[in-house]
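What's in coords-v1.pdb: PDB, C-alpha atoms
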ATOM      1  CA  GLY A 257       9.563  13.477 -19.711  1.00  0.00           C
ATOM      2  CA  ASN A 258       6.508  12.752 -21.774  1.00  0.00           C
ATOM      3  CA  ARG A 259       5.423   9.808 -19.609  1.00  0.00           C
ATOM      4  CA  SER A 260       5.625  11.830 -16.403  1.00  0.00           C
ATOM      5  CA  SER A 261       3.507  14.668 -17.706  1.00  0.00           C
ATOM      6  CA  LYS A 262       0.958  12.189 -19.035  1.00  0.00           C
ATOM      7  CA  THR A 263       0.640  10.361 -15.696  1.00  0.00           C
ATOM      8  CA  PHE A 264       0.800  13.428 -13.485  1.00  0.00           C
ATOM      9  CA  LYS A 265      -2.674  14.985 -13.629  1.00  0.00           C
ATOM     10  CA  PRO A 266      -3.484  18.613 -12.864  1.00  0.00           C
ATOM     11  CA  LYS A 267      -4.618  19.347  -9.340  1.00  0.00           C
ATOM     12  CA  LYS A 268      -8.376  19.116  -8.975  1.00  0.00           C
ATOM     13  CA  ASN A 269      -9.823  22.252  -7.366  1.00  0.00           C
ATOM     14  CA  ILE A 270     -13.063  22.660  -5.471  1.00  0.00           C
ATOM     15  CA  PRO A 271     -14.782  25.962  -6.362  1.00  0.00           C
ATOM     16  CA  GLU A 272     -14.224  28.640  -3.725  1.00  0.00           C
ATOM     17  CA  GLY A 273     -17.425  29.719  -1.987  1.00  0.00           C
ATOM     18  CA  SER A 274     -19.132  26.344  -2.497  1.00  0.00           C
ATOM     19  CA  HIS A 275     -20.288  24.174   0.393  1.00  0.00           C
ATOM     20  CA  GLN A 276     -17.695  21.576  -0.599  1.00  0.00           C
ATOM     21  CA  TYR A 277     -15.023  24.289  -0.346  1.00  0.00           C
ATOM     22  CA  GLU A 278     -16.173  25.011   3.229  1.00  0.00           C
ATOM     23  CA  LEU A 279     -15.976  21.268   4.009  1.00  0.00           C
ATOM     24  CA  LEU A 280     -12.448  21.179   2.574  1.00  0.00           C
ATOM     25  CA  LYS A 281     -11.451  24.106   4.799  1.00  0.00           C
ATOM     26  CA  HIS A 282     -12.944  22.240   7.793  1.00  0.00           C
ATOM     27  CA  ALA A 283     -10.950  19.129   6.862  1.00  0.00           C
ATOM     28  CA  GLU A 284      -7.740  21.158   6.531  1.00  0.00           C
ATOM     29  CA  ALA A 285      -8.326  22.836   9.903  1.00  0.00           C
ATOM     30  CA  THR A 286      -8.926  19.539  11.694  1.00  0.00           C
ATOM     31  CA  LEU A 287      -5.910  17.978   9.952  1.00  0.00           C
ATOM     32  CA  GLY A 288      -3.831  20.813  11.384  1.00  0.00           C
ATOM     33  CA  SER A 289      -4.825  19.712  14.885  1.00  0.00           C
ATOM     34  CA  GLY A 290      -2.566  16.681  14.486  1.00  0.00           C
ATOM     35  CA  ASN A 291      -5.327  14.188  15.322  1.00  0.00           C
ATOM     36  CA  LEU A 292      -5.929  12.381  12.042  1.00  0.00           C
ATOM     37  CA  ARG A 293      -8.541  10.037  13.509  1.00  0.00           C
ATOM     38  CA  MET A 294     -10.669  13.029  14.547  1.00  0.00           C
ATOM     39  CA  ALA A 295     -10.017  14.796  11.234  1.00  0.00           C
ATOM     40  CA  VAL A 296     -11.754  12.104   9.191  1.00  0.00           C
ATOM     41  CA  MET A 297     -14.989  12.039  11.189  1.00  0.00           C
ATOM     42  CA  LEU A 298     -18.121  13.343   9.487  1.00  0.00           C
ATOM     43  CA  PRO A 299     -18.800  16.852  10.794  1.00  0.00           C
ATOM     44  CA  ASP A 300     -22.138  17.238  12.602  1.00  0.00           C
ATOM     45  CA  GLY A 301     -25.019  17.850  10.242  1.00  0.00           C
ATOM     46  CA  GLU A 302     -23.023  17.233   7.048  1.00  0.00           C
ATOM     47  CA  ASP A 303     -23.920  14.919   4.177  1.00  0.00           C
ATOM     48  CA  LEU A 304     -21.825  11.745   4.049  1.00  0.00           C
ATOM     49  CA  ASN A 305     -21.609  11.694   0.228  1.00  0.00           C
ATOM     50  CA  GLU A 306     -20.390  15.278   0.134  1.00  0.00           C
ATOM     51  CA  TRP A 307     -17.804  14.573   2.858  1.00  0.00           C
ATOM     52  CA  VAL A 308     -16.536  11.522   0.956  1.00  0.00           C
ATOM     53  CA  ALA A 309     -16.437  13.569  -2.253  1.00  0.00           C
ATOM     54  CA  VAL A 310     -14.407  16.408  -0.750  1.00  0.00           C
ATOM     55  CA  ASN A 311     -11.947  13.992   0.802  1.00  0.00           C
ATOM     56  CA  THR A 312     -11.690  11.971  -2.417  1.00  0.00           C
ATOM     57  CA  VAL A 313     -10.600  15.121  -4.254  1.00  0.00           C
ATOM     58  CA  ASP A 314      -8.030  15.750  -1.516  1.00  0.00           C
ATOM     59  CA  PHE A 315      -6.696  12.164  -1.655  1.00  0.00           C
ATOM     60  CA  PHE A 316      -6.554  12.307  -5.459  1.00  0.00           C
ATOM     61  CA  ASN A 317      -4.430  15.462  -5.235  1.00  0.00           C
ATOM     62  CA  GLN A 318      -2.165  14.000  -2.532  1.00  0.00           C
ATOM     63  CA  ILE A 319      -1.593  10.699  -4.324  1.00  0.00           C
ATOM     64  CA  ASN A 320      -1.059  12.502  -7.607  1.00  0.00           C
ATOM     65  CA  MET A 321       1.630  14.664  -6.016  1.00  0.00           C
ATOM     66  CA  LEU A 322       3.268  11.748  -4.166  1.00  0.00           C
ATOM     67  CA  TYR A 323       3.400   9.566  -7.277  1.00  0.00           C
ATOM     68  CA  GLY A 324       4.761  12.559  -9.170  1.00  0.00           C
ATOM     69  CA  THR A 325       7.835  12.477  -6.912  1.00  0.00           C
ATOM     70  CA  VAL A 326       8.706   8.892  -7.949  1.00  0.00           C
ATOM     71  CA  THR A 327       7.818   8.943 -11.670  1.00  0.00           C
ATOM     72  CA  ASP A 328      11.502   8.992 -12.587  1.00  0.00           C
ATOM     73  CA  PHE A 329      11.869   5.653 -10.764  1.00  0.00           C
ATOM     74  CA  CYS A 330       8.642   4.063 -12.039  1.00  0.00           C
ATOM     75  CA  SER A 331       9.031   3.163 -15.699  1.00  0.00           C
ATOM     76  CA  GLU A 332       7.898   0.485 -18.127  1.00  0.00           C
ATOM     77  CA  ASP A 333      11.266  -1.238 -17.540  1.00  0.00           C
ATOM     78  CA  SER A 334      11.498  -0.945 -13.746  1.00  0.00           C
ATOM     79  CA  CYS A 335       7.800  -1.697 -13.117  1.00  0.00           C
ATOM     80  CA  PRO A 336       6.508  -3.865 -15.979  1.00  0.00           C
ATOM     81  CA  LEU A 337       3.547  -4.890 -13.777  1.00  0.00           C
ATOM     82  CA  MET A 338       1.375  -2.885 -11.396  1.00  0.00           C
ATOM     83  CA  SER A 339       2.179  -4.590  -8.145  1.00  0.00           C
ATOM     84  CA  ALA A 340       2.614  -4.220  -4.422  1.00  0.00           C
ATOM     85  CA  GLY A 341       5.444  -6.633  -3.788  1.00  0.00           C
ATOM     86  CA  LEU A 342       5.654 -10.192  -5.044  1.00  0.00           C
ATOM     87  CA  LYS A 343       2.270 -11.374  -3.757  1.00  0.00           C
ATOM     88  CA  TYR A 344      -0.017  -8.638  -5.111  1.00  0.00           C
ATOM     89  CA  GLU A 345      -0.506  -7.789  -8.777  1.00  0.00           C
ATOM     90  CA  TYR A 346      -3.199  -5.424 -10.026  1.00  0.00           C
ATOM     91  CA  HIS A 347      -4.867  -5.619 -13.440  1.00  0.00           C
ATOM     92  CA  TRP A 348      -6.754  -2.700 -14.979  1.00  0.00           C
ATOM     93  CA  ALA A 349     -10.393  -2.592 -16.036  1.00  0.00           C
ATOM     94  CA  ASP A 350     -12.725   0.382 -15.996  1.00  0.00           C
ATOM     95  CA  GLY A 351     -15.860  -1.451 -17.079  1.00  0.00           C
ATOM     96  CA  THR A 352     -16.333   0.894 -20.042  1.00  0.00           C
ATOM     97  CA  ASN A 353     -13.307   1.145 -22.325  1.00  0.00           C
ATOM     98  CA  ILE A 354     -11.532  -1.883 -20.872  1.00  0.00           C
ATOM     99  CA  LYS A 355     -14.103  -4.385 -19.696  1.00  0.00           C
ATOM    100  CA  ARG A 356     -11.842  -7.359 -18.904  1.00  0.00           C
ATOM    101  CA  PRO A 357      -8.900  -6.803 -16.548  1.00  0.00           C
ATOM    102  CA  ILE A 358      -5.587  -6.449 -18.392  1.00  0.00           C
ATOM    103  CA  LYS A 359      -2.000  -6.745 -17.223  1.00  0.00           C
ATOM    104  CA  CYS A 360      -0.094  -3.531 -17.688  1.00  0.00           C
ATOM    105  CA  SER A 361       2.936  -1.705 -16.376  1.00  0.00           C
ATOM    106  CA  ALA A 362       2.633   0.379 -13.221  1.00  0.00           C
ATOM    107  CA  PRO A 363       2.987   3.694 -15.094  1.00  0.00           C
ATOM    108  CA  LYS A 364       0.264   2.654 -17.556  1.00  0.00           C
ATOM    109  CA  TYR A 365      -2.028   1.403 -14.749  1.00  0.00           C
ATOM    110  CA  ILE A 366      -1.552   4.626 -12.791  1.00  0.00           C
ATOM    111  CA  ASP A 367      -2.200   6.695 -15.910  1.00  0.00           C
ATOM    112  CA  TYR A 368      -5.426   4.748 -16.530  1.00  0.00           C
ATOM    113  CA  LEU A 369      -6.367   5.162 -12.866  1.00  0.00           C
ATOM    114  CA  MET A 370      -5.689   8.878 -12.592  1.00  0.00           C
ATOM    115  CA  THR A 371      -7.527   9.547 -15.859  1.00  0.00           C
ATOM    116  CA  TRP A 372     -10.466   7.418 -14.637  1.00  0.00           C
ATOM    117  CA  VAL A 373     -10.632   9.278 -11.307  1.00  0.00           C
ATOM    118  CA  GLN A 374     -10.305  12.651 -13.071  1.00  0.00           C
ATOM    119  CA  ASP A 375     -13.173  11.713 -15.415  1.00  0.00           C
ATOM    120  CA  GLN A 376     -15.340  10.692 -12.450  1.00  0.00           C
ATOM    121  CA  LEU A 377     -14.511  13.886 -10.571  1.00  0.00           C
ATOM    122  CA  ASP A 378     -15.507  15.897 -13.653  1.00  0.00           C
ATOM    123  CA  ASP A 379     -18.780  13.970 -14.185  1.00  0.00           C
ATOM    124  CA  GLU A 380     -21.504  15.789 -12.235  1.00  0.00           C
ATOM    125  CA  THR A 381     -23.880  12.820 -12.611  1.00  0.00           C
ATOM    126  CA  LEU A 382     -21.471  10.509 -10.767  1.00  0.00           C
ATOM    127  CA  PHE A 383     -19.748  12.792  -8.356  1.00  0.00           C
ATOM    128  CA  PRO A 384     -20.055  12.848  -5.388  1.00  0.00           C
ATOM    129  CA  SER A 385     -22.533  10.042  -4.771  1.00  0.00           C
ATOM    130  CA  LYS A 386     -20.710   7.161  -6.493  1.00  0.00           C
ATOM    131  CA  ILE A 387     -17.078   8.114  -5.974  1.00  0.00           C
ATOM    132  CA  GLY A 388     -16.752   6.317  -2.633  1.00  0.00           C
ATOM    133  CA  ARG A 389     -14.630   3.525  -4.085  1.00  0.00           C
ATOM    134  CA  LEU A 390     -11.149   4.458  -2.924  1.00  0.00           C
ATOM    135  CA  LEU A 391      -9.669   0.995  -3.445  1.00  0.00           C
ATOM    136  CA  ARG A 392      -7.872   1.970  -6.636  1.00  0.00           C
ATOM    137  CA  LEU A 393      -6.201   4.965  -4.992  1.00  0.00           C
ATOM    138  CA  PHE A 394      -5.018   2.601  -2.239  1.00  0.00           C
ATOM    139  CA  ARG A 395      -3.232   0.568  -4.919  1.00  0.00           C
ATOM    140  CA  VAL A 396      -1.032   3.552  -5.799  1.00  0.00           C
ATOM    141  CA  TYR A 397       0.026   3.841  -2.147  1.00  0.00           C
ATOM    142  CA  ALA A 398       0.715   0.079  -2.081  1.00  0.00           C
ATOM    143  CA  HIS A 399       2.827   0.305  -5.245  1.00  0.00           C
ATOM    144  CA  ILE A 400       4.829   3.270  -3.941  1.00  0.00           C
ATOM    145  CA  TYR A 401       5.509   1.587  -0.595  1.00  0.00           C
ATOM    146  CA  HIS A 402       6.459  -1.789  -2.073  1.00  0.00           C
ATOM    147  CA  GLN A 403       8.332  -0.740  -5.184  1.00  0.00           C
ATOM    148  CA  HIS A 404       9.635   2.789  -4.578  1.00  0.00           C
ATOM    149  CA  PHE A 405      10.087   3.357  -0.852  1.00  0.00           C
ATOM    150  CA  ASP A 406      13.871   3.593  -1.269  1.00  0.00           C
ATOM    151  CA  ALA A 407      13.340   6.457  -3.737  1.00  0.00           C
ATOM    152  CA  VAL A 408      10.874   8.090  -1.336  1.00  0.00           C
ATOM    153  CA  MET A 409      13.501   7.932   1.410  1.00  0.00           C
ATOM    154  CA  GLN A 410      16.184   9.239  -0.952  1.00  0.00           C
ATOM    155  CA  LEU A 411      13.896  12.196  -1.733  1.00  0.00           C
ATOM    156  CA  GLN A 412      13.214  12.614   2.021  1.00  0.00           C
ATOM    157  CA  GLU A 413       9.459  12.316   1.409  1.00  0.00           C
ATOM    158  CA  GLU A 414       8.735   9.412   3.797  1.00  0.00           C
ATOM    159  CA  ALA A 415       7.147  11.584   6.518  1.00  0.00           C
ATOM    160  CA  HIS A 416       4.798  13.158   3.977  1.00  0.00           C
ATOM    161  CA  LEU A 417       3.949   9.776   2.442  1.00  0.00           C
ATOM    162  CA  ASN A 418       3.288   8.214   5.858  1.00  0.00           C
ATOM    163  CA  THR A 419       1.094  11.106   7.002  1.00  0.00           C
ATOM    164  CA  SER A 420      -0.874  11.112   3.756  1.00  0.00           C
ATOM    165  CA  PHE A 421      -1.353   7.341   3.888  1.00  0.00           C
ATOM    166  CA  LYS A 422      -2.324   7.386   7.570  1.00  0.00           C
ATOM    167  CA  HIS A 423      -4.954  10.051   6.859  1.00  0.00           C
ATOM    168  CA  PHE A 424      -6.230   7.978   3.923  1.00  0.00           C
ATOM    169  CA  ILE A 425      -6.447   4.806   6.041  1.00  0.00           C
ATOM    170  CA  PHE A 426      -8.254   6.503   8.908  1.00  0.00           C
ATOM    171  CA  PHE A 427     -10.747   7.872   6.387  1.00  0.00           C
ATOM    172  CA  VAL A 428     -11.462   4.553   4.659  1.00  0.00           C
ATOM    173  CA  GLN A 429     -11.701   2.818   8.048  1.00  0.00           C
ATOM    174  CA  GLU A 430     -14.065   5.454   9.476  1.00  0.00           C
ATOM    175  CA  PHE A 431     -16.554   4.953   6.629  1.00  0.00           C
ATOM    176  CA  ASN A 432     -15.738   1.309   5.815  1.00  0.00           C
ATOM    177  CA  LEU A 433     -14.872   2.184   2.197  1.00  0.00           C
ATOM    178  CA  ILE A 434     -12.356  -0.579   1.443  1.00  0.00           C
ATOM    179  CA  ASP A 435     -12.768  -4.236   2.331  1.00  0.00           C
ATOM    180  CA  ARG A 436     -10.117  -5.268   4.876  1.00  0.00           C
ATOM    181  CA  LYS A 437      -8.795  -8.091   2.658  1.00  0.00           C
ATOM    182  CA  GLU A 438      -7.974  -5.522  -0.043  1.00  0.00           C
ATOM    183  CA  LEU A 439      -5.670  -3.750   2.431  1.00  0.00           C
ATOM    184  CA  ALA A 440      -3.517  -6.877   2.872  1.00  0.00           C
ATOM    185  CA  PRO A 441      -0.501  -5.591   0.872  1.00  0.00           C
ATOM    186  CA  LEU A 442       0.064  -2.911   3.531  1.00  0.00           C
ATOM    187  CA  GLN A 443      -1.618  -4.510   6.566  1.00  0.00           C
ATOM    188  CA  GLU A 444       1.528  -4.521   8.735  1.00  0.00           C
ATOM    189  CA  LEU A 445       2.199  -0.857   7.950  1.00  0.00           C
ATOM    190  CA  ILE A 446      -1.458   0.025   8.597  1.00  0.00           C
ATOM    191  CA  GLU A 447      -1.306  -1.639  12.016  1.00  0.00           C
ATOM    192  CA  LYS A 448       1.965   0.101  12.850  1.00  0.00           C
ATOM    193  CA  LEU A 449       0.707   3.542  11.770  1.00  0.00           C
ATOM    194  CA  THR A 450      -2.730   3.274  13.416  1.00  0.00           C
ATOM    195  CA  THR A 451      -2.119   1.309  16.633  1.00  0.00           C
ATOM    196  CA  LYS A 452      -0.923   4.209  18.736  1.00  0.00           C
ATOM    197  CA  ASP A 453      -3.986   6.291  17.789  1.00  0.00           C
ATOM    198  CA  ARG A 454      -6.637   3.865  19.056  1.00  0.00           C
TER     199      ARG A 454
END
Would you mind writing the file out in C-alpha coordinates?
Amino acid sequence: GNRSSKTFKPKKNIPEGSHQYELLKHAEATLGSGNLRMAVMLPDGEDLNEWVAVNTVDFFNQINMLYGTVTDFCSEDSCPLMSAGLKYEYHWADGTNIKRPIKCSAPKYIDYLMTWVQDQLDDETLFPSKIGRLLRLFRVYAHIYHQHFDAVMQLQEEAHLNTSFKHFIFFVQEFNLIDRKELAPLQELIEKLTTKDR
(Lines of atoms letter the chains of each structure in order from A and count residues from 1; the text may use other names and numbers.)
(Lines give C-alpha, C1' and ligand atoms only; values in the text may rest on other atoms or scores of the structure.)
Protein backbone atom coordinates (compact mmCIF):
# COMPACT_ATOMS: atom_id res chain seq x y z
CA GLY A 1 0.00 0.00 0.00
CA ASN A 2 0.86 3.66 0.07
CA ARG A 3 2.14 3.55 3.66
CA SER A 4 4.47 0.64 2.96
CA SER A 5 6.08 2.26 -0.04
CA LYS A 6 6.51 5.49 1.90
CA THR A 7 8.23 3.77 4.85
CA PHE A 8 10.29 1.33 2.81
CA LYS A 9 13.25 3.33 1.50
CA PRO A 10 15.34 2.43 -1.54
CA LYS A 11 18.50 0.48 -0.86
CA LYS A 12 21.48 2.75 -0.31
CA ASN A 13 24.40 1.78 -2.55
CA ILE A 14 28.09 2.46 -2.05
CA PRO A 15 29.77 3.41 -5.35
CA GLU A 16 31.68 0.50 -6.89
CA GLY A 17 35.43 1.10 -7.08
CA SER A 18 35.46 3.42 -4.05
CA HIS A 19 37.44 2.65 -0.90
CA GLN A 20 34.17 2.29 1.00
CA TYR A 21 33.07 -0.31 -1.56
CA GLU A 22 36.27 -2.28 -0.85
CA LEU A 23 35.54 -2.04 2.90
CA LEU A 24 32.00 -3.32 2.26
CA LYS A 25 33.40 -6.28 0.32
CA HIS A 26 35.79 -6.97 3.24
CA ALA A 27 32.86 -6.85 5.67
CA GLU A 28 30.82 -9.22 3.50
CA ALA A 29 33.74 -11.65 3.22
CA THR A 30 34.33 -11.73 6.97
CA LEU A 31 30.59 -12.08 7.61
CA GLY A 32 30.68 -15.17 5.40
CA SER A 33 33.20 -16.74 7.77
CA GLY A 34 30.41 -17.19 10.31
CA ASN A 35 32.29 -15.36 13.08
CA LEU A 36 30.28 -12.18 13.58
CA ARG A 37 32.46 -10.93 16.43
CA MET A 38 35.52 -11.01 14.16
CA ALA A 39 33.55 -9.51 11.26
CA VAL A 40 32.88 -6.25 13.09
CA MET A 41 36.49 -5.54 14.06
CA LEU A 42 38.19 -2.59 12.39
CA PRO A 43 40.47 -3.94 9.65
CA ASP A 44 44.17 -3.13 10.14
CA GLY A 45 45.10 0.30 8.86
CA GLU A 46 41.52 1.41 8.14
CA ASP A 47 39.83 4.62 9.27
CA LEU A 48 37.29 4.12 12.06
CA ASN A 49 34.83 6.71 10.68
CA GLU A 50 34.87 5.09 7.26
CA TRP A 51 34.35 1.63 8.78
CA VAL A 52 31.40 2.90 10.84
CA ALA A 53 29.99 4.62 7.75
CA VAL A 54 30.16 1.51 5.57
CA ASN A 55 28.55 -0.61 8.25
CA THR A 56 25.87 2.01 8.92
CA VAL A 57 24.84 1.83 5.26
CA ASP A 58 24.72 -1.97 5.55
CA PHE A 59 22.63 -1.86 8.76
CA PHE A 60 20.29 0.72 7.21
CA ASN A 61 19.71 -1.61 4.25
CA GLN A 62 19.21 -4.67 6.49
CA ILE A 63 16.79 -2.95 8.86
CA ASN A 64 14.93 -1.41 5.94
CA MET A 65 14.47 -4.84 4.38
CA LEU A 66 13.52 -6.52 7.69
CA TYR A 67 10.95 -3.85 8.55
CA GLY A 68 9.64 -4.13 5.00
CA THR A 69 8.65 -7.74 5.75
CA VAL A 70 6.37 -6.69 8.65
CA THR A 71 4.83 -3.47 7.27
CA ASP A 72 1.53 -5.25 6.69
CA PHE A 73 1.40 -5.96 10.44
CA CYS A 74 2.62 -2.54 11.62
CA SER A 75 -0.10 0.03 11.08
CA GLU A 76 -1.45 3.16 12.73
CA ASP A 77 -4.12 0.96 14.36
CA SER A 78 -1.95 -1.97 15.48
CA CYS A 79 1.00 0.20 16.61
CA PRO A 80 -0.35 3.62 17.63
CA LEU A 81 2.91 4.25 19.55
CA MET A 82 6.52 3.48 18.69
CA SER A 83 7.38 1.06 21.43
CA ALA A 84 9.37 -1.97 22.44
CA GLY A 85 6.95 -3.69 24.76
CA LEU A 86 5.04 -2.06 27.59
CA LYS A 87 8.02 -0.46 29.34
CA TYR A 88 9.70 1.33 26.42
CA GLU A 89 8.12 4.06 24.30
CA TYR A 90 10.07 6.14 21.79
CA HIS A 91 9.23 9.71 20.80
CA TRP A 92 10.55 11.33 17.62
CA ALA A 93 12.69 14.45 17.33
CA ASP A 94 15.30 15.22 14.71
CA GLY A 95 16.50 18.50 16.17
CA THR A 96 15.74 20.35 12.93
CA ASN A 97 12.18 19.92 11.69
CA ILE A 98 10.86 18.47 14.94
CA LYS A 99 12.79 19.94 17.83
CA ARG A 100 10.73 18.62 20.77
CA PRO A 101 10.08 14.87 20.96
CA ILE A 102 6.59 13.92 19.78
CA LYS A 103 4.50 10.80 20.29
CA CYS A 104 3.69 9.09 17.04
CA SER A 105 2.71 5.71 15.67
CA ALA A 106 5.40 3.15 14.92
CA PRO A 107 4.95 3.44 11.13
CA LYS A 108 5.24 7.24 11.33
CA TYR A 109 8.29 7.05 13.65
CA ILE A 110 10.00 4.55 11.36
CA ASP A 111 9.21 6.69 8.32
CA TYR A 112 10.72 9.73 10.07
CA LEU A 113 13.73 7.64 11.09
CA MET A 114 14.42 6.08 7.71
CA THR A 115 14.05 9.45 5.98
CA TRP A 116 16.39 11.03 8.56
CA VAL A 117 19.02 8.31 8.08
CA GLN A 118 18.67 8.52 4.28
CA ASP A 119 19.17 12.31 4.43
CA GLN A 120 22.28 11.87 6.59
CA LEU A 121 23.67 9.20 4.28
CA ASP A 122 23.15 11.56 1.33
CA ASP A 123 24.75 14.56 3.09
CA GLU A 124 28.47 14.51 2.27
CA THR A 125 29.20 17.07 5.01
CA LEU A 126 27.84 14.74 7.71
CA PHE A 127 28.62 11.33 6.39
CA PRO A 128 30.64 9.41 7.45
CA SER A 129 32.08 11.29 10.42
CA LYS A 130 28.88 12.02 12.36
CA ILE A 131 26.72 9.03 11.47
CA GLY A 132 27.96 6.88 14.36
CA ARG A 133 24.72 7.21 16.30
CA LEU A 134 23.05 3.87 15.67
CA LEU A 135 20.66 4.12 18.62
CA ARG A 136 17.68 4.97 16.44
CA LEU A 137 18.24 1.96 14.18
CA PHE A 138 18.33 -0.19 17.32
CA ARG A 139 14.82 1.04 18.12
CA VAL A 140 13.48 -0.51 14.91
CA TYR A 141 14.94 -3.88 15.94
CA ALA A 142 13.41 -3.45 19.42
CA HIS A 143 9.99 -2.64 17.92
CA ILE A 144 10.10 -5.61 15.55
CA TYR A 145 11.11 -8.03 18.31
CA HIS A 146 8.57 -6.77 20.85
CA GLN A 147 5.60 -6.04 18.62
CA HIS A 148 5.97 -8.20 15.50
CA PHE A 149 8.01 -11.29 16.33
CA ASP A 150 4.98 -13.54 15.76
CA ALA A 151 4.71 -12.14 12.22
CA VAL A 152 8.46 -12.63 11.72
CA MET A 153 8.08 -16.27 12.74
CA GLN A 154 5.02 -16.67 10.51
CA LEU A 155 7.10 -15.34 7.60
CA GLN A 156 9.97 -17.67 8.64
CA GLU A 157 12.35 -14.70 8.89
CA GLU A 158 13.50 -15.21 12.50
CA ALA A 159 16.93 -16.64 11.58
CA HIS A 160 17.62 -13.67 9.31
CA LEU A 161 16.39 -11.19 11.92
CA ASN A 162 18.49 -12.80 14.67
CA THR A 163 21.63 -12.89 12.52
CA SER A 164 21.18 -9.28 11.42
CA PHE A 165 20.56 -8.13 15.00
CA LYS A 166 23.50 -10.13 16.37
CA HIS A 167 25.80 -8.55 13.77
CA PHE A 168 24.43 -5.11 14.68
CA ILE A 169 24.96 -5.70 18.41
CA PHE A 170 28.51 -6.97 18.00
CA PHE A 171 29.26 -3.87 15.93
CA VAL A 172 27.84 -1.36 18.41
CA GLN A 173 29.55 -3.19 21.28
CA GLU A 174 32.92 -3.30 19.49
CA PHE A 175 32.95 0.49 19.03
CA ASN A 176 30.83 1.43 22.07
CA LEU A 177 28.27 3.22 19.87
CA ILE A 178 25.15 2.79 22.03
CA ASP A 179 24.97 3.33 25.77
CA ARG A 180 24.20 0.02 27.52
CA LYS A 181 21.09 1.43 29.25
CA GLU A 182 19.58 2.18 25.83
CA LEU A 183 19.82 -1.53 24.98
CA ALA A 184 17.59 -2.49 27.92
CA PRO A 185 14.49 -3.36 25.83
CA LEU A 186 16.40 -6.29 24.30
CA GLN A 187 19.03 -6.95 26.99
CA GLU A 188 17.95 -10.56 27.64
CA LEU A 189 18.01 -11.34 23.91
CA ILE A 190 21.39 -9.62 23.53
CA GLU A 191 22.85 -11.75 26.33
CA LYS A 192 21.38 -14.92 24.85
CA LEU A 193 22.64 -14.17 21.32
CA THR A 194 26.13 -13.02 22.36
CA THR A 195 27.04 -15.23 25.34
CA LYS A 196 28.21 -18.23 23.37
CA ASP A 197 30.53 -16.05 21.25
CA ARG A 198 32.60 -14.62 24.11
Could you give me the axis-aligned bounding box of range 364-367 of chain A, with 3 Å of padding per side, as centre plus edge lengths in Å to one decimal, as AutoDock Vina command-line options?
--center_x -1.0 --center_y 4.0 --center_z -15.2 --size_x 8.5 --size_y 11.3 --size_z 10.8
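Picture a line from CA of Pro357 in chain A to CA of Gln376 in chain A; it runs 19.1 Å.
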Legend entry - Surrounding residues of Phe431 in chain A excluding itself and chain neighbours under 6 positions, 12 Å, all atoms listed in the file, as a PyMOL selection string: chain A and resi 293+296-298+304-305+307-308+311+388-390+424-425
Inset, instruction - Would you please work out which residue, of A:Tyr365, A:Phe329, A:Trp372, A:Phe315, is nearest to Thr419 in chain A when using all atoms listed in the file? - result: A:Phe315
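A straight line drawn from CA of Gln318 in chain A to CA of Gly301 in chain A is 26.5 Å long.
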Inset, instruction - Please provide as a PyMOL selection string all residues within 10 Å of Val373 in chain A, with the sequence filter that same-chain residues fewer than 6 positions apart are discarded (counting all atoms listed in the file). - result: chain A and resi 312-313+316+367+379+387+390+392-393
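CA of Phe427 in chain A lies 11.7 Å from CA of Val310 in chain A.
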Just say which residues the PyMOL selection byres ((chain A and resi 335) around 10) picks in this file, as a short mmCIF file (atom, residue, chain, number, x, y, z; two decimals) with C-alpha atoms, in the frame of the given file.
data_model
loop_
_atom_site.label_atom_id
_atom_site.label_comp_id
_atom_site.auth_asym_id
_atom_site.auth_seq_id
_atom_site.Cartn_x
_atom_site.Cartn_y
_atom_site.Cartn_z
CA PHE A 329 11.87 5.65 -10.76
CA CYS A 330 8.64 4.06 -12.04
CA SER A 331 9.03 3.16 -15.70
CA GLU A 332 7.90 0.48 -18.13
CA ASP A 333 11.27 -1.24 -17.54
CA SER A 334 11.50 -0.94 -13.75
CA PRO A 336 6.51 -3.86 -15.98
CA LEU A 337 3.55 -4.89 -13.78
CA MET A 338 1.38 -2.88 -11.40
CA SER A 339 2.18 -4.59 -8.14
CA CYS A 360 -0.09 -3.53 -17.69
CA SER A 361 2.94 -1.70 -16.38
CA ALA A 362 2.63 0.38 -13.22
CA PRO A 363 2.99 3.69 -15.09
CA LYS A 364 0.26 2.65 -17.56
CA HIS A 399 2.83 0.30 -5.24
CA GLN A 403 8.33 -0.74 -5.18
CA HIS A 404 9.64 2.79 -4.58
#
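The closest residue to Pro441 in chain A, picked from A:Val396, A:Ala349, A:Leu369, A:Ile354 and counting only C-alpha atoms, is A:Val396.
Nearest-residue note for Glu438 in chain A: choosing from A:Asn320, A:Arg356, A:Gln412, A:Phe394, the minimum distance belongs to A:Phe394, counting only C-alpha atoms.
Using all atoms listed in the file, the nearest neighbour of Ile446 in chain A within the list A:Phe405, A:Tyr368, A:Trp348, A:Tyr397 is A:Tyr397.
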Legend entry - Using only C-alpha atoms: which of A:Ala407, A:Leu417, A:Lys448, A:Leu442 has the shortest distance to Arg395 in chain A: A:Leu442
Inset, instruction - Return the single residue from A:Asp350, A:Glu447, A:Asp435, A:Glu413 that is closest to Met321 in chain A, with distances computed using only C-alpha atoms. - result: A:Glu413
